[in-house]
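*Asks:* I am sharing entry_30.txt, which consists of compact mmCIF, C-alpha atoms and all ligand atoms:
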# COMPACT_ATOMS: atom_id res chain seq x y z
CA ASP A 567 -15.58 6.09 -21.07
CA THR A 568 -12.76 7.50 -18.94
CA ARG A 569 -13.44 4.94 -16.24
CA HIS A 570 -12.70 1.76 -18.12
CA ASN A 571 -9.18 1.41 -16.72
CA ILE A 572 -9.97 2.44 -13.14
CA LEU A 573 -9.09 -0.32 -10.66
CA LEU A 574 -10.13 1.31 -7.37
CA TYR A 575 -13.10 3.65 -7.07
CA ILE A 576 -13.71 5.61 -3.89
CA GLU A 577 -16.75 7.82 -4.33
CA GLY A 578 -18.52 10.11 -1.89
CA VAL A 579 -17.07 8.30 1.11
CA THR A 580 -17.70 9.71 4.57
CA LYS A 581 -16.72 8.31 7.95
CA SER A 582 -17.30 9.94 11.32
CA PHE A 583 -15.92 9.04 14.71
CA ASP A 584 -18.07 10.47 17.51
CA GLY A 585 -19.44 13.15 15.20
CA PHE A 586 -16.00 14.11 13.82
CA LYS A 587 -15.69 13.57 10.06
CA ALA A 588 -12.35 11.80 9.62
CA ILE A 589 -13.29 11.16 5.97
CA ASP A 590 -15.51 13.76 4.34
CA ASP A 591 -16.86 13.19 0.82
CA LEU A 592 -13.69 11.48 -0.39
CA ASN A 593 -13.35 10.78 -4.11
CA LEU A 594 -10.28 8.90 -5.28
CA TYR A 595 -9.73 6.87 -8.44
CA ILE A 596 -6.70 4.65 -8.95
CA ARG A 597 -5.99 3.37 -12.45
CA GLU A 598 -4.79 -0.12 -13.34
CA GLY A 599 -1.01 -0.26 -13.10
CA GLU A 600 -0.76 3.21 -11.61
CA LEU A 601 1.65 4.29 -8.87
CA ARG A 602 -0.01 6.94 -6.70
CA CYS A 603 1.39 8.78 -3.70
CA ILE A 604 -0.92 10.05 -0.98
CA ILE A 605 0.37 12.84 1.23
CA GLY A 606 -1.30 14.97 3.86
CA PRO A 607 -0.80 16.31 7.36
CA ASN A 608 -1.37 14.22 10.48
CA GLY A 609 -5.05 13.62 11.01
CA ALA A 610 -5.88 14.14 7.31
CA GLY A 611 -7.56 10.73 7.17
CA LYS A 612 -4.90 8.67 5.38
CA THR A 613 -5.02 5.72 7.78
CA THR A 614 -8.82 5.75 7.91
CA MET A 615 -8.90 5.71 4.11
CA MET A 616 -6.61 2.66 3.99
CA ASP A 617 -8.75 0.99 6.69
CA ILE A 618 -11.86 1.59 4.58
CA ILE A 619 -10.27 0.15 1.42
CA THR A 620 -9.19 -3.00 3.26
CA GLY A 621 -12.51 -3.47 5.05
CA LYS A 622 -11.13 -2.81 8.53
CA THR A 623 -13.41 0.23 8.86
CA ARG A 624 -16.88 0.65 7.34
CA PRO A 625 -17.76 4.07 5.91
CA ASP A 626 -21.04 5.77 6.82
CA GLU A 627 -21.72 6.74 3.21
CA GLY A 628 -20.29 6.28 -0.25
CA GLN A 629 -19.03 3.61 -2.60
CA VAL A 630 -15.80 1.60 -2.75
CA TRP A 631 -15.32 -0.70 -5.74
CA LEU A 632 -12.48 -2.84 -7.05
CA GLY A 633 -12.91 -2.81 -10.81
CA SER A 634 -16.48 -2.43 -11.99
CA ASN A 635 -17.89 -5.54 -10.38
CA LEU A 636 -16.54 -5.95 -6.83
CA ASN A 637 -18.35 -3.85 -4.25
CA LEU A 638 -15.85 -3.87 -1.38
CA LEU A 639 -18.47 -2.65 1.08
CA ASN A 640 -20.20 -6.03 0.73
CA MET A 641 -17.00 -7.92 1.58
CA ASP A 642 -15.13 -8.62 4.81
CA GLU A 643 -11.39 -8.09 5.35
CA ALA A 644 -10.41 -11.62 4.30
CA GLU A 645 -12.56 -11.50 1.16
CA ILE A 646 -11.05 -8.14 0.19
CA ALA A 647 -7.53 -9.48 0.69
CA ASN A 648 -8.36 -12.54 -1.42
CA ALA A 649 -9.81 -10.31 -4.11
CA GLY A 650 -6.32 -8.87 -4.60
CA ILE A 651 -5.69 -6.01 -2.19
CA GLY A 652 -2.47 -6.33 -0.19
CA ARG A 653 -1.54 -3.92 2.59
CA LYS A 654 1.90 -3.24 3.97
CA PHE A 655 1.94 -1.51 7.35
CA GLN A 656 4.73 0.82 8.36
CA LYS A 657 6.69 -1.60 10.55
CA PRO A 658 8.04 -4.78 8.97
CA THR A 659 6.31 -7.92 10.24
CA VAL A 660 8.45 -10.65 8.75
CA PHE A 661 9.04 -13.95 10.54
CA GLU A 662 12.46 -13.26 12.02
CA CYS A 663 13.29 -16.87 12.90
CA LEU A 664 12.65 -18.13 9.37
CA THR A 665 14.84 -17.66 6.33
CA VAL A 666 13.95 -15.15 3.64
CA TRP A 667 13.02 -18.06 1.38
CA HIS A 668 10.72 -19.62 3.98
CA ASN A 669 9.05 -16.28 4.64
CA LEU A 670 8.13 -16.16 0.95
CA GLU A 671 7.08 -19.80 0.95
CA LEU A 672 4.79 -19.13 3.88
CA ALA A 673 3.36 -16.05 2.19
CA MET A 674 2.57 -18.10 -0.91
CA ALA A 675 0.53 -20.50 1.19
CA GLY A 676 -2.09 -17.90 1.99
CA GLU A 677 -5.11 -19.73 3.30
CA ARG A 678 -3.54 -23.19 3.15
CA GLY A 679 -2.11 -22.71 6.59
CA VAL A 680 1.30 -23.00 8.13
CA PHE A 681 1.56 -26.75 8.55
CA ASP A 682 0.69 -27.66 4.98
CA VAL A 683 3.33 -25.32 3.63
CA PHE A 684 6.36 -27.06 5.02
CA ARG A 685 4.89 -30.59 4.81
CA ALA A 686 5.04 -30.82 1.02
CA ARG A 687 7.92 -30.03 -1.31
CA LEU A 688 7.46 -27.08 -3.58
CA ASN A 689 6.99 -27.85 -7.24
CA GLY A 690 9.13 -26.22 -9.91
CA ALA A 691 6.62 -23.50 -10.73
CA GLN A 692 6.37 -22.53 -7.08
CA ARG A 693 10.17 -22.34 -6.76
CA ASP A 694 10.31 -20.23 -9.92
CA GLU A 695 7.72 -17.91 -8.44
CA ILE A 696 9.75 -17.43 -5.24
CA ASN A 697 12.92 -16.81 -7.27
CA ARG A 698 11.10 -14.27 -9.41
CA VAL A 699 9.95 -12.36 -6.33
CA LEU A 700 13.43 -12.57 -4.75
CA GLU A 701 14.77 -10.94 -7.89
CA GLN A 702 12.03 -8.29 -7.95
CA VAL A 703 12.75 -7.20 -4.39
CA GLY A 704 16.53 -7.54 -4.71
CA LEU A 705 17.07 -10.29 -2.14
CA CYS A 706 18.46 -13.13 -4.29
CA ASN A 707 21.69 -13.20 -2.28
CA GLN A 708 19.82 -13.23 1.05
CA ALA A 709 17.46 -16.15 0.35
CA SER A 710 18.99 -18.42 2.99
CA LEU A 711 19.55 -15.75 5.65
CA LEU A 712 17.28 -15.57 8.64
CA ALA A 713 14.92 -12.64 8.18
CA GLY A 714 15.92 -11.42 11.63
CA ASN A 715 19.45 -10.81 10.32
CA LEU A 716 18.35 -8.52 7.48
CA SER A 717 18.78 -4.75 7.57
CA HIS A 718 15.68 -2.64 8.20
CA GLY A 719 15.39 -1.85 4.48
CA GLN A 720 15.78 -5.49 3.49
CA LYS A 721 13.00 -6.48 5.91
CA GLN A 722 10.70 -3.94 4.28
CA TRP A 723 11.52 -5.32 0.81
CA LEU A 724 10.97 -8.87 2.03
CA GLU A 725 7.56 -7.91 3.33
CA ILE A 726 6.70 -6.35 -0.02
CA GLY A 727 7.87 -9.63 -1.57
CA MET A 728 5.56 -11.54 0.77
CA LEU A 729 2.65 -9.44 -0.46
CA LEU A 730 3.70 -10.08 -4.07
CA MET A 731 3.45 -13.84 -3.47
CA GLN A 732 -0.32 -13.27 -3.24
CA LYS A 733 -0.33 -11.67 -6.72
CA PRO A 734 -2.24 -8.57 -5.61
CA LYS A 735 -3.96 -6.24 -8.08
CA LEU A 736 -3.56 -3.36 -5.64
CA LEU A 737 -0.75 -2.83 -3.13
CA LEU A 738 -1.28 -0.35 -0.30
CA VAL A 739 2.01 0.70 1.25
CA ASP A 740 2.17 2.77 4.41
CA GLU A 741 5.29 4.94 4.92
CA PRO A 742 7.74 2.50 3.34
CA VAL A 743 10.88 4.59 3.84
CA ALA A 744 10.47 5.56 7.50
CA GLY A 745 13.80 4.77 9.16
CA MET A 746 15.61 3.97 5.91
CA THR A 747 19.02 5.23 4.77
CA HIS A 748 19.17 7.35 1.61
CA GLN A 749 20.49 4.41 -0.36
CA GLU A 750 17.64 2.22 0.87
CA MET A 751 15.17 4.96 -0.05
CA ASP A 752 16.50 5.06 -3.61
CA ARG A 753 16.16 1.30 -3.91
CA THR A 754 12.64 1.44 -2.52
CA ALA A 755 11.66 4.11 -5.04
CA ALA A 756 13.02 1.91 -7.83
CA LEU A 757 11.21 -1.14 -6.45
CA LEU A 758 7.81 0.58 -6.14
CA THR A 759 8.21 2.10 -9.60
CA SER A 760 9.02 -1.31 -11.06
CA LEU A 761 5.90 -2.85 -9.48
CA ALA A 762 3.60 -0.34 -11.15
CA GLY A 763 2.34 -1.57 -14.48
CA GLU A 764 1.83 -5.10 -13.24
CA HIS A 765 0.12 -3.85 -10.06
CA SER A 766 -1.55 -0.65 -8.92
CA VAL A 767 0.44 0.77 -6.02
CA VAL A 768 -0.80 3.35 -3.50
CA VAL A 769 1.91 4.76 -1.24
CA VAL A 770 1.16 6.89 1.83
CA GLU A 771 4.33 8.79 2.64
CA HIS A 772 5.52 11.76 4.71
CA ASP A 773 8.98 12.09 3.22
CA MET A 774 8.64 14.71 0.48
CA ASP A 775 12.07 14.00 -1.05
CA PHE A 776 11.00 10.40 -1.46
CA VAL A 777 7.64 11.34 -2.99
CA ARG A 778 9.46 13.66 -5.39
CA SER A 779 11.84 10.86 -6.38
CA ILE A 780 8.94 8.56 -7.29
CA ALA A 781 7.45 11.06 -9.75
CA SER A 782 3.94 9.67 -9.68
CA THR A 783 0.63 11.48 -9.44
CA VAL A 784 0.27 12.85 -5.92
CA SER A 785 -3.03 13.23 -4.08
CA VAL A 786 -3.10 15.61 -1.13
CA LEU A 787 -5.52 14.56 1.59
CA HIS A 788 -6.75 17.27 3.93
CA GLN A 789 -9.64 17.08 6.42
CA GLY A 790 -10.77 13.80 4.92
CA HIS A 791 -10.96 14.76 1.27
CA VAL A 792 -8.68 15.30 -1.71
CA LEU A 793 -7.49 18.91 -1.69
CA ALA A 794 -5.33 18.68 -4.79
CA GLU A 795 -4.07 16.13 -7.27
CA GLY A 796 -1.25 16.30 -9.81
CA SER A 797 2.47 16.01 -10.26
CA MET A 798 4.69 16.98 -7.33
CA SER A 799 5.56 20.30 -9.00
CA GLU A 800 1.87 21.07 -9.59
CA ILE A 801 1.13 20.21 -5.98
CA GLN A 802 3.95 22.36 -4.67
CA SER A 803 2.79 25.42 -6.59
CA ASN A 804 -0.86 25.00 -5.51
CA PRO A 805 -1.66 27.91 -3.15
CA GLN A 806 -4.17 25.90 -1.07
CA VAL A 807 -1.66 23.14 -0.57
CA LYS A 808 1.05 25.60 0.44
CA GLN A 809 -1.29 27.12 2.96
CA VAL A 810 -2.55 23.98 4.70
CA TYR A 811 0.30 21.61 4.31
CA LEU A 812 3.68 22.72 3.16
CA GLY A 813 3.50 25.72 5.48
CA GLU A 814 5.01 28.10 2.95
P1 LIG B 901 -3.78 10.26 9.22
O1 LIG B 901 -3.50 8.81 8.99
O2 LIG B 901 -3.83 11.06 7.97
O3 LIG B 901 -2.88 10.87 10.24
P2 LIG B 901 -6.18 9.25 10.51
O4 LIG B 901 -6.98 8.55 9.48
O5 LIG B 901 -5.39 8.42 11.44
O6 LIG B 901 -5.28 10.37 9.82
O7 LIG B 901 -7.14 10.13 11.42
C1 LIG B 901 -8.06 11.09 10.91
C2 LIG B 901 -8.85 11.67 12.06
O8 LIG B 901 -9.75 10.69 12.54
C3 LIG B 901 -7.97 12.06 13.24
O9 LIG B 901 -8.47 13.28 13.78
C4 LIG B 901 -8.16 10.93 14.21
O10 LIG B 901 -8.02 11.37 15.54
C5 LIG B 901 -9.56 10.46 13.92
N1 LIG B 901 -9.72 9.00 14.15
C6 LIG B 901 -9.17 8.04 13.42
N2 LIG B 901 -9.56 6.82 13.88
C7 LIG B 901 -10.36 7.05 14.93
C8 LIG B 901 -11.09 6.20 15.84
N3 LIG B 901 -11.05 4.86 15.75
N4 LIG B 901 -11.82 6.80 16.80
C9 LIG B 901 -11.87 8.13 16.91
N5 LIG B 901 -11.21 8.98 16.09
C10 LIG B 901 -10.48 8.45 15.12
Just give me the structure of the file as structure tokens.
Ligand code: ADP
*Replies:*
Amino acid sequence: DTRHNILLYIEGVTKSFDGFKAIDDLNLYIREGELRCIIGPNGAGKTTMMDIITGKTRPDEGQVWLGSNLNLLNMDEAEIANAGIGRKFQKPTVFECLTVWHNLELAMAGERGVFDVFRARLNGAQRDEINRVLEQVGLCNQASLLAGNLSHGQKQWLEIGMLLMQKPKLLLVDEPVAGMTHQEMDRTAALLTSLAGEHSVVVVEHDMDFVRSIASTVSVLHQGHVLAEGSMSEIQSNPQVKQVYLGE
């Protein structure tokens, strides 16, 4: 069975807005521990697809499953998040007036709520967990800085760290390198690559140099369905892709 290690199934999904098919018979399968890049021109349906996975938008038709036993179409946004799907939007939304450490502490709280977090001392395991995530996202030396004083790239990494505190199975990351320096882009590529294996990571990105540097499987979305799938070099030599997207 080729499907036994598939984490996310999207099958035959369609979604129309006022008669316009934003998503049109979309099939996408993300394996456990896989890093996948999604590219596609504006209006291809990338945002709508992410909204469907996270339960923000309901499709008209089709199936969306996490593993073989969680039908995401029967779950609301909070249930889907709790089931292990974390989403990072393009702009960082860290708490600027809190330290990096406290941002992570807050993220660990999840449903417990803001007041309970800072009322009790963390236990050793919880501190270890925060330190582990600080190391993963490369912010060990910034733990006591206010998040508002971080660079743009550091804020993005902190927010990825906040998602990691929830131990997601699947991370959805929207245009992580928009506005980053080249150096920050390289570090982000290394970070996302290092997260794969332990998590499945789906990255929607416009920057082709960045996508190339990640070297994952690339899915090209066009008019709401997958036009091509493969390595970046396979994608780039695909005549249909050249025609509709790369403009060559
Ligand atoms: P992408 O993220 O790839 O740029 P989107 O998913 O945002 O694409 O949009 C796909 C198409 O669906 C676009 O033509 C967009 O105008 C349309 N669309 C998306 N959301 C809505 C909505 N809530 N109402 C009407 N049209 C929408």
*Asks:* So which residues touch range 798-809 of chain A within 10 Å, counting all atoms listed in the file, skipping near sequence neighbours fewer than 5 positions away, as a ChimeraX atom specification?
*Replies:* /A:603,606,774,777-788,793,814
*Asks:* Between A:Val810, A:Leu636, A:Glu725, A:Leu737, single out the one closest to Ala610 in chain A, counting all atoms listed in the file.
*Replies:* A:Val810
*Asks:* Find the spatial neighbours of His765 in chain A, counting only C-alpha atoms, within a cut-off of 8 Å - ignore same-chain residues fewer than 3 positions away - and output them as a PDB file with C-alpha atoms, in the frame of the given file.
*Replies:*
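Writing the result to part_3.pdb gives the following:
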ATOM      1  CA  GLU A 598      -4.790  -0.120 -13.340  1.00  0.00           C
ATOM      2  CA  GLY A 599      -1.010  -0.260 -13.100  1.00  0.00           C
ATOM      3  CA  GLU A 600      -0.760   3.210 -11.610  1.00  0.00           C
ATOM      4  CA  PRO A 734      -2.240  -8.570  -5.610  1.00  0.00           C
ATOM      5  CA  LYS A 735      -3.960  -6.240  -8.080  1.00  0.00           C
ATOM      6  CA  LEU A 736      -3.560  -3.360  -5.640  1.00  0.00           C
ATOM      7  CA  LEU A 737      -0.750  -2.830  -3.130  1.00  0.00           C
ATOM      8  CA  LEU A 761       5.900  -2.850  -9.480  1.00  0.00           C
ATOM      9  CA  ALA A 762       3.600  -0.340 -11.150  1.00  0.00           C
TER      10      ALA A 762
END
*Asks:* Pick the closest to ligand LIG 901 (chain B) from A:Gly652, A:Gly745, A:Gly611, A:Pro625: which is it, counting all atoms listed in the file?
*Replies:*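 Closest residue, counting all atoms listed in the file: A:Gly611.
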*Asks:* Around all the atoms of ligand LIG 901 (chain B) listed in the file, draw an axis-aligned box and extend it by 5 Å on each of the six sides; I want its centre and edge lengths in Å to one decimal, as AutoDock Vina command-line options.
*Replies:*
--center_x -7.4 --center_y 9.1 --center_z 12.4 --size_x 19.0 --size_y 18.4 --size_z 18.9
*Asks:* Select the residues contacting ligand LIG 901 (chain B) at a distance of at most 6 Å, based on all atoms listed in the file, then format the selection as an MDAnalysis selection string.
*Replies:* chainID A and resid 583 588 608:614
*Asks:* By how many Å are CA of Ser710 in chain A and CA of His668 in chain A apart?
*Replies:*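 If I compute the distance from CA of Ser710 in chain A to CA of His668 in chain A, I get 8.4 Å.
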*Asks:* Using only C-alpha atoms, which protein or nucleic acid residues come within 9 Å of Glu643 in chain A? Drop anything in the same chain fewer than 4 positions from it, and give the result as a PyMOL selection string.
*Replies:* chain A and resi 620-622+647-648
*Asks:* From the options A:Leu716, A:Ile646, A:Met641, A:Leu738, which residue's atoms come nearest to Val666 in chain A, counting all atoms listed in the file?
*Replies:*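 The closest residue to Val666 in chain A is A:Leu716.
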*Asks:* Return the single residue from A:Leu670, A:Leu711, A:Val768, A:Ala756 that is closest to Leu724 in chain A, with distances computed using all atoms listed in the file.
*Replies:*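 Under the stated criterion, the closest residue is A:Leu670.
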*Asks:* So which one's closest to Glu771 in chain A, A:Glu741, A:Asp752, A:Asp642, A:Glu795? Using only C-alpha atoms, please.
*Replies:*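 Ranked by minimum distance to Glu771 in chain A, first place goes to A:Glu741.
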*Asks:* Need the shell around Leu688 in chain A: protein/DNA/RNA residues with any atom at most 12 Å away, counting all atoms listed in the file. Skip same-chain ones fewer than 4 positions apart. Format as a VMD selection string?
*Replies:* chain A and resid 667 to 668 670 to 672 674 to 675 682 to 684 692 to 696
*Asks:* In Å, with one decimal, what is the gap from CA of Glu577 in chain A to CA of Asn593 in chain A?
*Replies:*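 The value is 4.5 Å.
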*Asks:* Restricting the calculation to only C-alpha atoms, which member of A:Asn715, A:Asn697, A:Asn571, A:Ser634 is positioned closest to Leu664 in chain A?
*Replies:* A:Asn715
*Asks:* As an exercise, work out the distance from CA of Trp631 in chain A to CA of Met728 in chain A in Å and give it to one decimal place.
*Replies:*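 So the answer is 24.4 Å.
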*Asks:* Extract, using all atoms listed in the file, all DNA, RNA and protein residues at most 8 Å from Gly727 in chain A, discarding same-chain residues fewer than 4 positions from it, and format them as a PyMOL selection string.
*Replies:* chain A and resi 670+699-700+702-703+723+731
